[in-house]
Amino acid sequence: MGLMDFIKGELIEIIEWTDDSRDTLSYRWPDEDKNIKNGAQLIVRESQTVQFVYVGQFGDTFAPGKYTLTTDNIPVLTKLQGWKYGFGSPFKADVYYLNTRLFTGNKWGTSNPVMMRDADFGIVRARAFGTYDFRITDPKLFLKEVAGSDQHFRLDEFADTMRSRIVSLFSEALAQAKIPVLDVAARYQEVGAALLPLINPVVTSKYGLEMTSFILENVSLPPEVEQAIDKRSSMAAVGNLNDYVKFQMAQGMGSGQGGGAGGFATEMAVGMAMAQQMVQQQGGVLGAQATPPAAPPPIPAWAPPAPAGGTPPPIPAAVSPSELMSPADAAKILGVSEADVVQSLEGGDLKGKKIGSTWRITKAALDQFLQS
């Protein structure tokens with residue numbers, strides 16, 4: 001081998017790179033300590049970008065095409081190496097190929113629950129995961145902030161590097177958008193599209209990437225929050241407590257499974273109410289014939305004296321203590337919980353008198369409630 005053949009073998013004349021792995025983001029072209037020849041051919045294919053780096057500084061960037069490396073088309077490298085009047089000798093530089101195609105179906109997710117401030121539930125902890133698509137838009141920024149000097153930077157390394165950063169951006173964007181948790185769980189596609197304009201500017205300015213889509217696939221809440229949502233749904237489904245109590249009583253009577261003493265008491269109360277309503281519908285004449293009028297009550301000794309006309313003043317009616325009931329007594333008769341009775345009292349469906357912190361209900365008020 002002659003001297004010229006040896007020198008020629010130490011020079012790089014064609015620089016090109018093909019990738020069939022489909023998971024490479026950046027690749028440093030292996031120079032094997034060889035010098036790049038003056039006038040060497042650089043081939044950049046579609047979906048590729050080439051970035052020259054000289055002693056740690058970014059040089060020229062090449063889009064897809066074929067180039068002859070001279071001082072005319074590598075002005076930044078010419079300036080860095082101090083070629084004032086052109087160069088006629090080989091040179092050394094790191095050549096990075098970056099894949100600019102669209103990388104789709106990349107998964108993201110929260111390893112720990114994310115704290116969120118919600119208008120309905122206050123502060124809640126939520127987990128979320130989904131997918132996103134991205135491409136490299138700024139080779140210099142991507143090499144500086146993400147890939148570094150890695151000779152072969154792959155997609156799995158990128159996922160490990162970016163997962164926590166994507167989750168952080170998602171949390172900030174969700175807080176900025178002020179989307180309620182229930183809306184997030186109901187409209188995944190709309191929420192993802194709404195968060196994309198908030199996430200993309202940060203990703204582009206920090207990492208040299210552009211996200212073309214950000215998809216939210218699922219949001220899960222802690223079990224206690226889900227139970228609260230189920231209870232709220234149950235309350236909305238029940239609606240009016242009065243109608244709900246009547247419906248429960250009708251079901252128990254129709255099935256014959258009254259549910260023990262409480263159910264039997266409920267059936268007795270309904271039967272008494274129905275009988276009383278039938279008596280009222282028959283009219284007062286029949287009732288008057290069947291039942292003789294009661295004698296007027298005796299005038300007690302403490303009653304005031306009668307006026308000149310001879311007619312004594314009316315005596316205030318007193319309710320027998322046996323006719324007064326507590327919410328617990330009414331609950332046993334109705335076959336519901338004491339909390340349901342208190343809620344009906346506070347809502348005005350069941351009439352009662354609150355003395356201090358205690359409710360008292362008359363039998364007439366309970367009969368009226370059953371008839372309504």
# chains A, B, ... in the order shown; residues from 1 in each chain; ligands from 1

$ select_by_dssp --residues "region 71-123 of chain A" --states "helix (DSSP H, G or I)" --output "ChimeraX atom specification"
/A:75-81

$ residues_around --residues "Pro64 (chain A)" --least-positions-apart "3" --cutoff "9 Å" --atoms "only C-alpha atoms" --output "number ranges by chain"
A: 43-50

$ write_last_selection --atoms "all heavy atoms" --output "CSV table (one decimal), in the first residue's frame"
chain,number,residue,atom,x,y,z
A,43,ILE,N,-24.8,13.3,3.0
A,43,ILE,CA,-26.1,13.0,2.5
A,43,ILE,C,-27.1,12.9,3.7
A,43,ILE,O,-26.9,12.2,4.7
A,43,ILE,CB,-26.1,11.6,1.8
A,43,ILE,CG1,-25.1,11.6,0.6
A,43,ILE,CG2,-27.5,11.2,1.4
A,43,ILE,CD1,-25.0,10.2,0.0
A,44,VAL,N,-28.1,13.7,3.6
A,44,VAL,CA,-29.2,13.8,4.7
A,44,VAL,C,-30.5,13.4,4.0
A,44,VAL,O,-31.0,14.1,3.1
A,44,VAL,CB,-29.3,15.2,5.3
A,44,VAL,CG1,-30.3,15.2,6.4
A,44,VAL,CG2,-27.9,15.7,5.7
A,45,ARG,N,-31.1,12.4,4.5
A,45,ARG,CA,-32.4,11.9,3.9
A,45,ARG,C,-33.6,12.6,4.6
A,45,ARG,O,-33.4,13.3,5.5
A,45,ARG,CB,-32.4,10.3,4.1
A,45,ARG,CG,-31.5,9.6,3.2
A,45,ARG,CD,-31.5,8.1,3.5
A,45,ARG,NE,-30.7,7.4,2.5
A,45,ARG,CZ,-29.4,7.3,2.5
A,45,ARG,NH1,-28.7,7.8,3.5
A,45,ARG,NH2,-28.8,6.6,1.5
A,46,GLU,N,-34.7,12.3,3.9
A,46,GLU,CA,-35.9,12.9,4.5
A,46,GLU,C,-36.2,12.3,5.9
A,46,GLU,O,-35.8,11.2,6.2
A,46,GLU,CB,-37.1,12.5,3.6
A,46,GLU,CG,-37.1,13.2,2.2
A,46,GLU,CD,-37.4,14.7,2.4
A,46,GLU,OE1,-37.9,15.1,3.4
A,46,GLU,OE2,-37.0,15.5,1.4
A,47,SER,N,-36.8,13.1,6.7
A,47,SER,CA,-37.0,12.9,8.2
A,47,SER,C,-35.7,12.8,8.9
A,47,SER,O,-35.6,12.1,10.0
A,47,SER,CB,-37.8,11.6,8.4
A,47,SER,OG,-37.1,10.4,8.1
A,48,GLN,N,-34.6,13.4,8.4
A,48,GLN,CA,-33.4,13.5,9.1
A,48,GLN,C,-32.9,14.9,9.2
A,48,GLN,O,-33.2,15.7,8.3
A,48,GLN,CB,-32.3,12.6,8.4
A,48,GLN,CG,-32.5,11.1,8.5
A,48,GLN,CD,-31.4,10.4,7.9
A,48,GLN,OE1,-30.5,10.9,7.1
A,48,GLN,NE2,-31.3,9.1,8.1
A,49,THR,N,-32.1,15.2,10.2
A,49,THR,CA,-31.4,16.5,10.3
A,49,THR,C,-30.0,16.2,10.8
A,49,THR,O,-29.8,15.3,11.7
A,49,THR,CB,-32.1,17.5,11.3
A,49,THR,OG1,-33.4,17.8,10.8
A,49,THR,CG2,-31.4,18.8,11.4
A,50,VAL,N,-29.0,16.9,10.3
A,50,VAL,CA,-27.6,16.7,10.7
A,50,VAL,C,-27.1,17.9,11.5
A,50,VAL,O,-27.3,19.1,11.0
A,50,VAL,CB,-26.7,16.4,9.5
A,50,VAL,CG1,-25.2,16.4,9.9
A,50,VAL,CG2,-27.0,15.0,9.0

$ closest_residue --among "A:Leu11, A:Val336, A:Gln176, A:Asp133" --to "Asp33 (chain A)" --atoms "only C-alpha atoms"
A:Leu11

$ closest_atom_pairs --of "region 60-86 of chain A" --to "region 95-100 of chain A" --cutoff "10 Å" --atoms "only C-alpha atoms" --output "CSV"
residue,atom,partner,partner_atom,distance
A:Asp60,CA,A:Val95,CA,9.9
A:Thr61,CA,A:Tyr96,CA,9.6
A:Phe62,CA,A:Tyr97,CA,9.6

$ write_last_selection --atoms "N, CA and C atoms" --output "mmCIF file, in the first residue's frame"
data_model
loop_
_atom_site.group_PDB
_atom_site.id
_atom_site.type_symbol
_atom_site.label_atom_id
_atom_site.label_comp_id
_atom_site.auth_asym_id
_atom_site.auth_seq_id
_atom_site.Cartn_x
_atom_site.Cartn_y
_atom_site.Cartn_z
ATOM 1 N N ASP A 60 -22.765 23.853 12.139
ATOM 2 C CA ASP A 60 -23.823 24.025 11.149
ATOM 3 C C ASP A 60 -24.870 22.923 11.261
ATOM 4 N N THR A 61 -26.088 23.261 10.817
ATOM 5 C CA THR A 61 -27.223 22.335 10.799
ATOM 6 C C THR A 61 -27.655 22.141 9.356
ATOM 7 N N PHE A 62 -27.895 20.881 8.951
ATOM 8 C CA PHE A 62 -28.230 20.560 7.574
ATOM 9 C C PHE A 62 -29.577 19.866 7.515
#

$ atom_distance --atom1 "CA of Lys79 (chain A)" --atom2 "CA of Gly59 (chain A)"
9.1 Å

$ residues_around --residues "Gly56 (chain A)" --least-positions-apart "6" --cutoff "10 Å" --atoms "only C-alpha atoms" --output "PyMOL selection string"
chain A and resi 93-94+149
